[in-house]
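As provided, data.cif (mmCIF, C-alpha atoms) reads as follows.
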```
data_start
#
loop_
_atom_site.label_atom_id
_atom_site.label_comp_id
_atom_site.auth_asym_id
_atom_site.auth_seq_id
_atom_site.Cartn_x
_atom_site.Cartn_y
_atom_site.Cartn_z
CA MET A 1 87.31 111.14 67.56
CA GLU A 2 86.26 108.69 70.30
CA LYS A 3 89.12 107.43 72.42
CA GLU A 4 90.10 103.81 71.67
CA ALA A 5 89.55 101.76 74.83
CA LEU A 6 92.65 99.61 74.40
CA ILE A 7 95.15 102.36 73.55
CA PRO A 8 97.00 103.39 76.73
CA GLU A 9 98.50 106.70 77.74
CA ILE A 10 101.99 107.20 79.09
CA GLY A 11 102.11 107.73 82.85
CA VAL A 12 104.85 108.60 85.32
CA ILE A 13 105.00 107.46 88.94
CA THR A 14 105.84 110.64 90.86
CA ASP A 15 105.46 109.43 94.45
CA ILE A 16 105.40 106.11 96.30
CA ARG A 17 103.98 105.90 99.83
CA ILE A 18 104.61 102.83 102.00
CA ASP A 19 101.31 102.03 103.73
CA THR A 20 101.98 98.58 105.18
CA PRO A 21 104.71 95.94 104.80
CA ASP A 22 103.04 94.71 101.58
CA VAL A 23 100.94 97.70 100.37
CA ARG A 24 102.26 100.81 98.65
CA THR A 25 100.37 103.74 97.13
CA PHE A 26 101.55 104.97 93.73
CA ARG A 27 100.83 108.48 92.46
CA VAL A 28 100.57 108.68 88.65
CA VAL A 29 100.45 111.65 86.27
CA THR A 30 101.04 112.13 82.54
CA PRO A 31 104.54 113.24 81.38
CA ASP A 32 103.31 116.86 81.35
CA GLY A 33 102.23 116.59 84.99
CA LYS A 34 98.45 116.22 84.55
CA LYS A 35 95.88 113.73 85.78
CA PRO A 36 95.60 110.95 83.14
CA PHE A 37 91.78 111.01 82.85
CA GLU A 38 88.55 111.55 84.82
CA HIS A 39 86.73 108.76 86.66
CA ILE A 40 83.95 108.11 89.15
CA PRO A 41 84.46 106.40 92.55
CA GLY A 42 84.80 102.65 92.21
CA GLN A 43 86.15 102.56 88.66
CA CYS A 44 89.40 100.83 87.72
CA ALA A 45 92.35 101.44 85.43
CA MET A 46 94.89 99.19 83.71
CA LEU A 47 98.51 99.75 84.62
CA SER A 48 101.16 98.18 82.41
CA ILE A 49 104.93 97.90 82.47
CA PRO A 50 106.11 96.93 78.98
CA GLY A 51 108.09 93.70 79.13
CA VAL A 52 106.71 92.86 82.57
CA GLY A 53 102.92 92.73 82.27
CA GLU A 54 99.71 94.58 83.07
CA ALA A 55 97.00 94.41 85.72
CA LEU A 56 93.72 96.11 86.57
CA PHE A 57 93.62 98.11 89.80
CA SER A 58 91.05 100.24 91.63
CA ILE A 59 91.64 103.97 91.38
CA THR A 60 91.96 104.85 95.06
CA SER A 61 92.12 108.64 94.76
CA SER A 62 88.88 110.60 94.63
CA PRO A 63 87.63 112.13 91.35
CA THR A 64 87.70 115.43 93.25
CA ASN A 65 91.50 115.26 93.18
CA THR A 66 92.29 117.12 89.97
CA GLU A 67 96.08 116.88 90.09
CA TYR A 68 96.93 113.18 90.01
CA MET A 69 95.63 109.61 90.27
CA GLU A 70 96.56 107.13 93.01
CA PHE A 71 96.60 103.34 93.27
CA SER A 72 97.10 101.42 96.54
CA ILE A 73 98.61 98.10 95.47
CA LYS A 74 99.35 94.95 97.44
CA LYS A 75 102.43 92.96 96.46
CA CYS A 76 101.16 89.60 95.24
CA GLY A 77 102.56 88.82 91.78
CA CYS A 78 104.82 89.74 88.88
CA VAL A 79 103.45 93.20 88.06
CA THR A 80 102.87 94.21 91.67
CA GLY A 81 106.31 92.91 92.65
CA PHE A 82 107.93 95.06 89.95
CA LEU A 83 105.98 98.12 91.10
CA HIS A 84 107.00 97.58 94.71
CA ALA A 85 110.66 97.43 93.65
CA THR A 86 110.53 100.57 91.51
CA GLU A 87 111.20 104.21 92.44
CA PRO A 88 109.59 107.56 91.55
CA GLY A 89 110.29 108.48 87.94
CA GLN A 90 109.29 105.06 86.59
CA TYR A 91 107.25 105.23 83.37
CA VAL A 92 104.16 103.05 83.00
CA THR A 93 101.22 102.94 80.63
CA ILE A 94 97.69 103.52 81.87
CA ARG A 95 94.27 103.06 80.26
CA GLY A 96 90.75 103.46 81.51
CA PRO A 97 88.56 104.17 83.32
CA TYR A 98 86.68 100.87 83.36
CA GLY A 99 83.53 99.72 85.13
CA ASN A 100 80.40 101.33 86.52
CA GLY A 101 81.50 102.81 89.88
CA PHE A 102 79.42 103.59 92.95
CA PRO A 103 76.08 105.47 92.60
CA VAL A 104 77.32 108.53 94.51
CA GLU A 105 75.06 110.90 92.57
CA SER A 106 71.95 108.76 92.75
CA ALA A 107 71.36 105.97 95.30
CA PHE A 108 73.87 107.29 97.84
CA LYS A 109 72.79 110.92 97.73
CA GLY A 110 71.05 112.11 100.89
CA LYS A 111 71.65 108.79 102.67
CA ASP A 112 73.50 107.86 105.86
CA LEU A 113 76.41 105.69 104.75
CA LEU A 114 78.19 102.73 106.35
CA PHE A 115 81.52 101.61 104.88
CA VAL A 116 82.91 98.24 105.99
CA ALA A 117 86.39 97.18 104.88
CA GLY A 118 88.98 94.55 105.68
CA GLY A 119 92.69 94.73 104.85
CA ILE A 120 93.44 96.04 101.35
CA GLY A 121 89.66 96.28 100.89
CA LEU A 122 89.82 99.84 102.21
CA ALA A 123 91.70 100.93 99.06
CA PRO A 124 88.72 100.76 96.64
CA LEU A 125 86.50 102.46 99.24
CA ARG A 126 88.94 105.34 99.86
CA SER A 127 87.90 106.92 96.56
CA VAL A 128 84.19 107.00 97.41
CA ILE A 129 84.78 107.97 101.06
CA ASN A 130 86.87 110.98 100.04
CA TYR A 131 84.35 111.88 97.35
CA CYS A 132 81.60 111.96 99.98
CA ARG A 133 83.84 113.98 102.31
CA HIS A 134 84.43 116.55 99.56
CA HIS A 135 80.68 116.84 98.83
CA ARG A 136 79.78 116.54 102.51
CA SER A 137 76.42 118.36 102.31
CA ASN A 138 75.08 115.76 99.85
CA TYR A 139 75.26 112.90 102.37
CA GLY A 140 74.13 112.12 105.90
CA SER A 141 76.25 110.60 108.65
CA ILE A 142 79.21 108.45 107.62
CA ASP A 143 80.39 105.42 109.61
CA ILE A 144 83.55 103.58 108.64
CA VAL A 145 84.36 100.15 110.10
CA TYR A 146 87.83 98.99 109.14
CA GLY A 147 89.91 96.06 110.35
CA SER A 148 93.11 94.22 109.51
CA ARG A 149 95.34 91.49 110.87
CA SER A 150 97.47 93.93 112.87
CA MET A 151 97.96 97.63 113.49
CA GLN A 152 100.81 97.61 110.95
CA ASP A 153 98.46 96.24 108.26
CA LEU A 154 95.96 99.13 108.44
CA VAL A 155 96.09 100.88 105.05
CA ASP A 156 95.98 104.72 104.97
CA TYR A 157 96.32 104.81 108.76
CA ASN A 158 97.74 108.35 108.88
CA GLU A 159 94.95 109.73 106.67
CA ILE A 160 92.36 107.96 108.81
CA MET A 161 93.71 109.36 112.08
CA GLU A 162 94.68 112.85 110.90
CA GLU A 163 91.71 113.58 108.63
CA TRP A 164 88.77 111.18 108.77
CA CYS A 165 88.65 110.87 112.57
CA LYS A 166 88.67 114.65 113.02
CA GLU A 167 85.67 115.52 110.83
CA ASP A 168 82.18 116.16 112.12
CA GLY A 169 79.62 113.59 111.05
CA ILE A 170 82.22 110.90 110.38
CA ASN A 171 82.69 108.06 112.86
CA VAL A 172 85.64 105.70 112.36
CA HIS A 173 85.66 102.30 114.09
CA LEU A 174 88.99 100.44 113.85
CA THR A 175 89.75 96.88 114.88
CA ILE A 176 92.59 94.37 114.56
CA ASP A 177 92.38 90.58 114.69
CA ARG A 178 94.66 90.00 117.69
CA GLU A 179 95.89 92.03 120.64
CA GLN A 180 99.11 94.04 120.39
CA PRO A 181 100.90 95.86 123.24
CA GLU A 182 100.82 99.21 121.38
CA TRP A 183 97.13 98.92 120.39
CA ASN A 184 94.45 100.22 122.76
CA GLY A 185 91.54 100.02 120.33
CA HIS A 186 89.02 97.28 119.58
CA VAL A 187 90.26 93.72 119.04
CA GLY A 188 88.24 91.24 117.00
CA PHE A 189 87.10 90.35 113.51
CA VAL A 190 85.20 92.85 111.37
CA PRO A 191 81.89 90.91 111.01
CA ASN A 192 81.53 90.54 114.79
CA PHE A 193 82.49 94.18 115.33
CA VAL A 194 79.76 95.31 112.93
CA LYS A 195 77.17 93.36 114.90
CA GLU A 196 78.50 94.76 118.19
CA LEU A 197 78.12 98.30 116.90
CA ASN A 198 74.46 97.56 116.13
CA PHE A 199 73.94 100.18 113.43
CA ASP A 200 70.54 101.59 112.52
CA THR A 201 69.11 99.97 109.42
CA ASN A 202 68.41 103.28 107.70
CA LYS A 203 71.97 103.30 106.34
CA THR A 204 73.27 102.31 102.91
CA ALA A 205 76.18 99.89 103.43
CA VAL A 206 79.25 99.39 101.24
CA LEU A 207 81.48 96.34 101.77
CA CYS A 208 84.93 95.46 100.46
CA GLY A 209 87.46 92.94 101.72
CA PRO A 210 88.32 89.25 101.69
CA PRO A 211 85.42 87.02 100.52
CA ILE A 212 85.11 85.36 103.94
CA MET A 213 84.79 88.77 105.61
CA ILE A 214 82.14 89.89 103.12
CA LYS A 215 80.19 86.64 103.59
CA PHE A 216 79.94 86.96 107.38
CA THR A 217 79.50 90.75 107.38
CA LEU A 218 76.60 90.41 104.95
CA ALA A 219 75.02 87.81 107.23
CA GLY A 220 75.56 90.08 110.24
CA LEU A 221 73.98 93.08 108.53
CA GLN A 222 70.97 90.96 107.58
CA GLU A 223 70.66 89.89 111.22
CA LEU A 224 70.52 93.57 112.16
CA GLY A 225 67.72 94.07 109.62
CA PHE A 226 69.52 95.40 106.55
CA GLY A 227 68.05 94.37 103.19
CA LYS A 228 70.28 93.22 100.35
CA ASP A 229 69.06 96.18 98.31
CA GLN A 230 70.79 98.44 100.88
CA ILE A 231 74.21 96.83 100.54
CA TYR A 232 76.82 97.31 97.81
CA THR A 233 80.17 95.70 97.12
CA THR A 234 82.88 95.83 94.47
CA LEU A 235 84.21 92.71 92.72
CA GLU A 236 87.64 92.94 91.12
CA MET A 237 88.96 89.39 91.06
CA ARG A 238 89.53 87.76 87.66
CA MET A 239 89.27 90.96 85.60
CA LYS A 240 91.87 91.13 82.84
CA CYS A 241 91.08 93.06 79.62
CA GLY A 242 88.73 95.64 81.16
CA ILE A 243 86.35 95.80 78.17
CA GLY A 244 84.46 92.50 78.26
CA LYS A 245 86.36 90.80 75.43
CA CYS A 246 88.58 88.17 77.06
CA GLY A 247 85.75 86.50 79.01
CA ARG A 248 87.82 85.92 82.12
CA CYS A 249 85.38 87.80 84.39
CA ASN A 250 82.18 86.49 82.80
CA LEU A 251 79.55 85.59 85.39
CA GLY A 252 76.20 84.47 84.03
CA ASP A 253 75.09 87.19 81.62
CA LYS A 254 77.41 89.79 83.19
CA PHE A 255 81.00 90.85 82.70
CA ILE A 256 82.46 92.13 85.97
CA CYS A 257 84.69 94.65 84.18
CA LYS A 258 81.80 96.22 82.23
CA ASP A 259 78.64 95.59 84.27
CA GLY A 260 80.56 95.91 87.56
CA PRO A 261 82.76 95.93 89.46
CA VAL A 262 80.17 97.60 91.73
CA PHE A 263 77.04 95.55 92.42
CA ARG A 264 74.17 95.66 94.87
CA PHE A 265 73.78 92.36 96.71
CA ASP A 266 70.28 91.72 95.42
CA GLN A 267 71.74 92.00 91.89
CA LEU A 268 74.37 89.40 92.75
CA GLU A 269 71.66 86.97 93.84
CA GLU A 270 70.51 86.82 90.23
CA LEU A 271 73.93 85.56 89.09
CA PRO A 272 75.43 82.03 89.31
CA ASP A 273 76.89 81.23 92.73
CA GLU A 274 80.48 80.81 91.55
CA TYR A 275 82.27 84.09 92.25
#
```
So, in terms of structure tokens, how does the structure I just supplied come out?
Amino acid sequence: MEKEALIPEIGVITDIRIDTPDVRTFRVVTPDGKKPFEHIPGQCAMLSIPGVGEALFSITSSPTNTEYMEFSIKKCGCVTGFLHATEPGQYVTIRGPYGNGFPVESAFKGKDLLFVAGGIGLAPLRSVINYCRHHRSNYGSIDIVYGSRSMQDLVDYNEIMEEWCKEDGINVHLTIDREQPEWNGHVGFVPNFVKELNFDTNKTAVLCGPPIMIKFTLAGLQELGFGKDQIYTTLEMRMKCGIGKCGRCNLGDKFICKDGPVFRFDQLEELPDEY
């Protein structure tokens, strides 16, 4: 029998990692200790706390992780506030996966990849980055440009420094908005940093972050010679039901939750300019 899209499973939060002052990563399994379901990088899942509410979040763990599912969540509302106040052992409900994900087995395969993220925008990209790391021979060089307001606001900082930075073929470029005494890395905004790094245009680029960052990074990449058919992003704002029924994420003839959240920028040009 086909699984009903709106019927959730029971999940248990088994671990909570504090990433930044307002971002925590939640590890979720089923009550019998298994991964709730399979997904592809870029897909989302609905987390719900009965009596509190529900919200759609990116699955930030890679599909290659067979033991559990992770969600890096920024505190910004009722559901996220409850999650940030909870402790391991909390039961939730989970349903999914939703959306189309990144084309890791088609358009990305064999390509040099450039990931550009700002703030919590690294969370949705962590899944695809770790997928590409796991299947390293399927991809070319990997560059990761990541920035935040401060050193303390860099999500997954320990994983970046202890794992990503130490692997051959992966180049990590970190930046923060303003100088700090304990920071000896690059200082400046992500779009300008991308232009300074002057990447070759043979790369496939993936962007995620605040809309203003995406706007100026896209412009910067085009200045370098990147085409919009080389650049992907993920749109998650306004999604609610996850199955294209509530209409909240409708954009032209697309539903972000079903036809996205991953889009190529030339595909976005065909949609109304209102997102």
Practice problem: Identify, on the basis of all atoms listed in the file, every residue whose closest approach to Gly209 in chain A does not exceed 9 Å; exclude the query and any residue fewer than 6 positions from it along the same chain; express the result as a PyMOL selection string. | Solution: chain A and resi 116-122
Test item: residues at most 6 Å from Ala205 in chain A, only C-alpha atoms, excluding those fewer than 5 positions along its chain, as a PDB file with C-alpha atoms, keeping the file's coordinate frame:
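And here's around_38.pdb as it stands now:
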```
ATOM      1  CA  LEU A 113      76.410 105.690 104.750  1.00  0.00           C
ATOM      2  CA  LEU A 114      78.190 102.730 106.350  1.00  0.00           C
ATOM      3  CA  PHE A 115      81.520 101.610 104.880  1.00  0.00           C
ATOM      4  CA  ILE A 231      74.210  96.830 100.540  1.00  0.00           C
TER       5      ILE A 231
END
```
Practice problem: Tell me which protein, DNA and RNA residues are within 9 Å of range 213-221 of chain A, counting all atoms listed in the file, leaving out same-chain ones fewer than 5 positions away, and put them as a list in words. | Solution: Val116, Ala117, Gly118, Phe189, Val190, Pro191, Asn192, Val194, Lys195, Asn198, Phe199, Thr201, Ala205, Leu207, Cys208, Phe226, Gly227, Lys228, Ile231, Thr233 and Phe265 of chain A
Practice problem: Take CA of Asn250 in chain A and CA of Leu6 in chain A and report the distance between them in Å, one decimal. | Solution: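 Those two atoms sit 18.8 Å apart.
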Self-check item: Nearest to Glu87 in chain A by atom-to-atom distance, counting all atoms listed in the file, from A:Phe193, A:Phe255, A:Phe26, A:Phe263
Solution: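 Nearest to Glu87 in chain A: A:Phe26.
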Exercise. Would you be able to write out as a ChimeraX atom specification which residues have an atom within 8 Å of (89.2, 103.9, 93.3) in the file's coordinates, counting all atoms listed in the file?
Key: /A:40-44,58-62,71,123-128
Export, as a PDB file, in the coordinates of the input, the selected residues with C-alpha atoms.
```pdb
ATOM      1  CA  ILE A  40      83.950 108.110  89.150  1.00  0.00           C
ATOM      2  CA  PRO A  41      84.460 106.400  92.550  1.00  0.00           C
ATOM      3  CA  GLY A  42      84.800 102.650  92.210  1.00  0.00           C
ATOM      4  CA  GLN A  43      86.150 102.560  88.660  1.00  0.00           C
ATOM      5  CA  CYS A  44      89.400 100.830  87.720  1.00  0.00           C
ATOM      6  CA  SER A  58      91.050 100.240  91.630  1.00  0.00           C
ATOM      7  CA  ILE A  59      91.640 103.970  91.380  1.00  0.00           C
ATOM      8  CA  THR A  60      91.960 104.850  95.060  1.00  0.00           C
ATOM      9  CA  SER A  61      92.120 108.640  94.760  1.00  0.00           C
ATOM     10  CA  SER A  62      88.880 110.600  94.630  1.00  0.00           C
ATOM     11  CA  PHE A  71      96.600 103.340  93.270  1.00  0.00           C
ATOM     12  CA  ALA A 123      91.700 100.930  99.060  1.00  0.00           C
ATOM     13  CA  PRO A 124      88.720 100.760  96.640  1.00  0.00           C
ATOM     14  CA  LEU A 125      86.500 102.460  99.240  1.00  0.00           C
ATOM     15  CA  ARG A 126      88.940 105.340  99.860  1.00  0.00           C
ATOM     16  CA  SER A 127      87.900 106.920  96.560  1.00  0.00           C
ATOM     17  CA  VAL A 128      84.190 107.000  97.410  1.00  0.00           C
TER      18      VAL A 128
END
```
Practice problem: Might you spell out which residues the PyMOL selection byres ((chain A and resi 256) around 9) would select in the displayed file, as a PyMOL selection string? | Solution: chain A and resi 99+235-239+242+244+249-251+254-255+257-262
Exercise. For Thr30 in chain A, list every protein, DNA or RNA residue within 10 Å, evaluated using all atoms listed in the file, and leave out those in the same chain fewer than 5 positions away; present the list as a PyMOL selection string.
Key: chain A and resi 9-14+35-37+68-69+91-94
Taking all atoms of range 241-245 of chain A that the file lists and extending 4 Å past them on each side, where is the centre of the axis-aligned box and how long are its edges? Answer in Å to one decimal, as lines of an AutoDock Vina configuration file.
```
center_x = 87.8
center_y = 93.3
center_z = 78.3
size_x = 14.6
size_y = 13.0
size_z = 13.7
```
Quiz prompt | Long-range neighbours of Asp229 in chain A as a list of chain:residue names, 9 Å cut-off, all atoms listed in the file, 3 positions minimum in chain | solution =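 Listing them by chain and then by number gives A:Thr204, A:Phe226, A:Tyr232, A:Arg264, A:Phe265, A:Asp266, A:Gln267.
Between Arg24 in chain A and the residues A:Leu154, A:Leu271, A:Leu197, A:Met46, the shortest atom-to-atom distance, using only C-alpha atoms, involves A:Leu154.
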N, CA and C atoms restored at range 43-54 of chain A, emitted as a PDB file, in the frame of the given file:
```
ATOM      1  N   GLN A  43      85.633 103.020  89.945  1.00  0.00           N
ATOM      2  CA  GLN A  43      86.150 102.560  88.660  1.00  0.00           C
ATOM      3  C   GLN A  43      87.609 102.128  88.766  1.00  0.00           C
ATOM      4  N   CYS A  44      88.060 101.403  87.742  1.00  0.00           N
ATOM      5  CA  CYS A  44      89.400 100.830  87.720  1.00  0.00           C
ATOM      6  C   CYS A  44      90.195 101.356  86.525  1.00  0.00           C
ATOM      7  N   ALA A  45      91.488 101.097  86.552  1.00  0.00           N
ATOM      8  CA  ALA A  45      92.350 101.440  85.430  1.00  0.00           C
ATOM      9  C   ALA A  45      93.388 100.340  85.254  1.00  0.00           C
ATOM     10  N   MET A  46      93.868 100.187  84.028  1.00  0.00           N
ATOM     11  CA  MET A  46      94.890  99.190  83.710  1.00  0.00           C
ATOM     12  C   MET A  46      96.257  99.849  83.744  1.00  0.00           C
ATOM     13  N   LEU A  47      97.118  99.311  84.582  1.00  0.00           N
ATOM     14  CA  LEU A  47      98.510  99.750  84.620  1.00  0.00           C
ATOM     15  C   LEU A  47      99.366  98.687  83.960  1.00  0.00           C
ATOM     16  N   SER A  48     100.306  99.119  83.143  1.00  0.00           N
ATOM     17  CA  SER A  48     101.160  98.180  82.410  1.00  0.00           C
ATOM     18  C   SER A  48     102.606  98.640  82.467  1.00  0.00           C
ATOM     19  N   ILE A  49     103.501  97.667  82.603  1.00  0.00           N
ATOM     20  CA  ILE A  49     104.930  97.900  82.470  1.00  0.00           C
ATOM     21  C   ILE A  49     105.395  97.061  81.290  1.00  0.00           C
ATOM     22  N   PRO A  50     105.692  97.691  80.159  1.00  0.00           N
ATOM     23  CA  PRO A  50     106.110  96.930  78.980  1.00  0.00           C
ATOM     24  C   PRO A  50     107.262  95.974  79.294  1.00  0.00           C
ATOM     25  N   GLY A  51     107.098  94.722  78.857  1.00  0.00           N
ATOM     26  CA  GLY A  51     108.090  93.700  79.130  1.00  0.00           C
ATOM     27  C   GLY A  51     107.888  92.978  80.433  1.00  0.00           C
ATOM     28  N   VAL A  52     106.985  93.488  81.280  1.00  0.00           N
ATOM     29  CA  VAL A  52     106.710  92.860  82.570  1.00  0.00           C
ATOM     30  C   VAL A  52     105.285  92.304  82.603  1.00  0.00           C
ATOM     31  N   GLY A  53     104.313  93.163  82.279  1.00  0.00           N
ATOM     32  CA  GLY A  53     102.920  92.730  82.270  1.00  0.00           C
ATOM     33  C   GLY A  53     101.986  93.881  82.606  1.00  0.00           C
ATOM     34  N   GLU A  54     100.700  93.571  82.739  1.00  0.00           N
ATOM     35  CA  GLU A  54      99.710  94.580  83.070  1.00  0.00           C
ATOM     36  C   GLU A  54      98.690  93.988  84.026  1.00  0.00           C
TER      37      GLU A  54
END
```
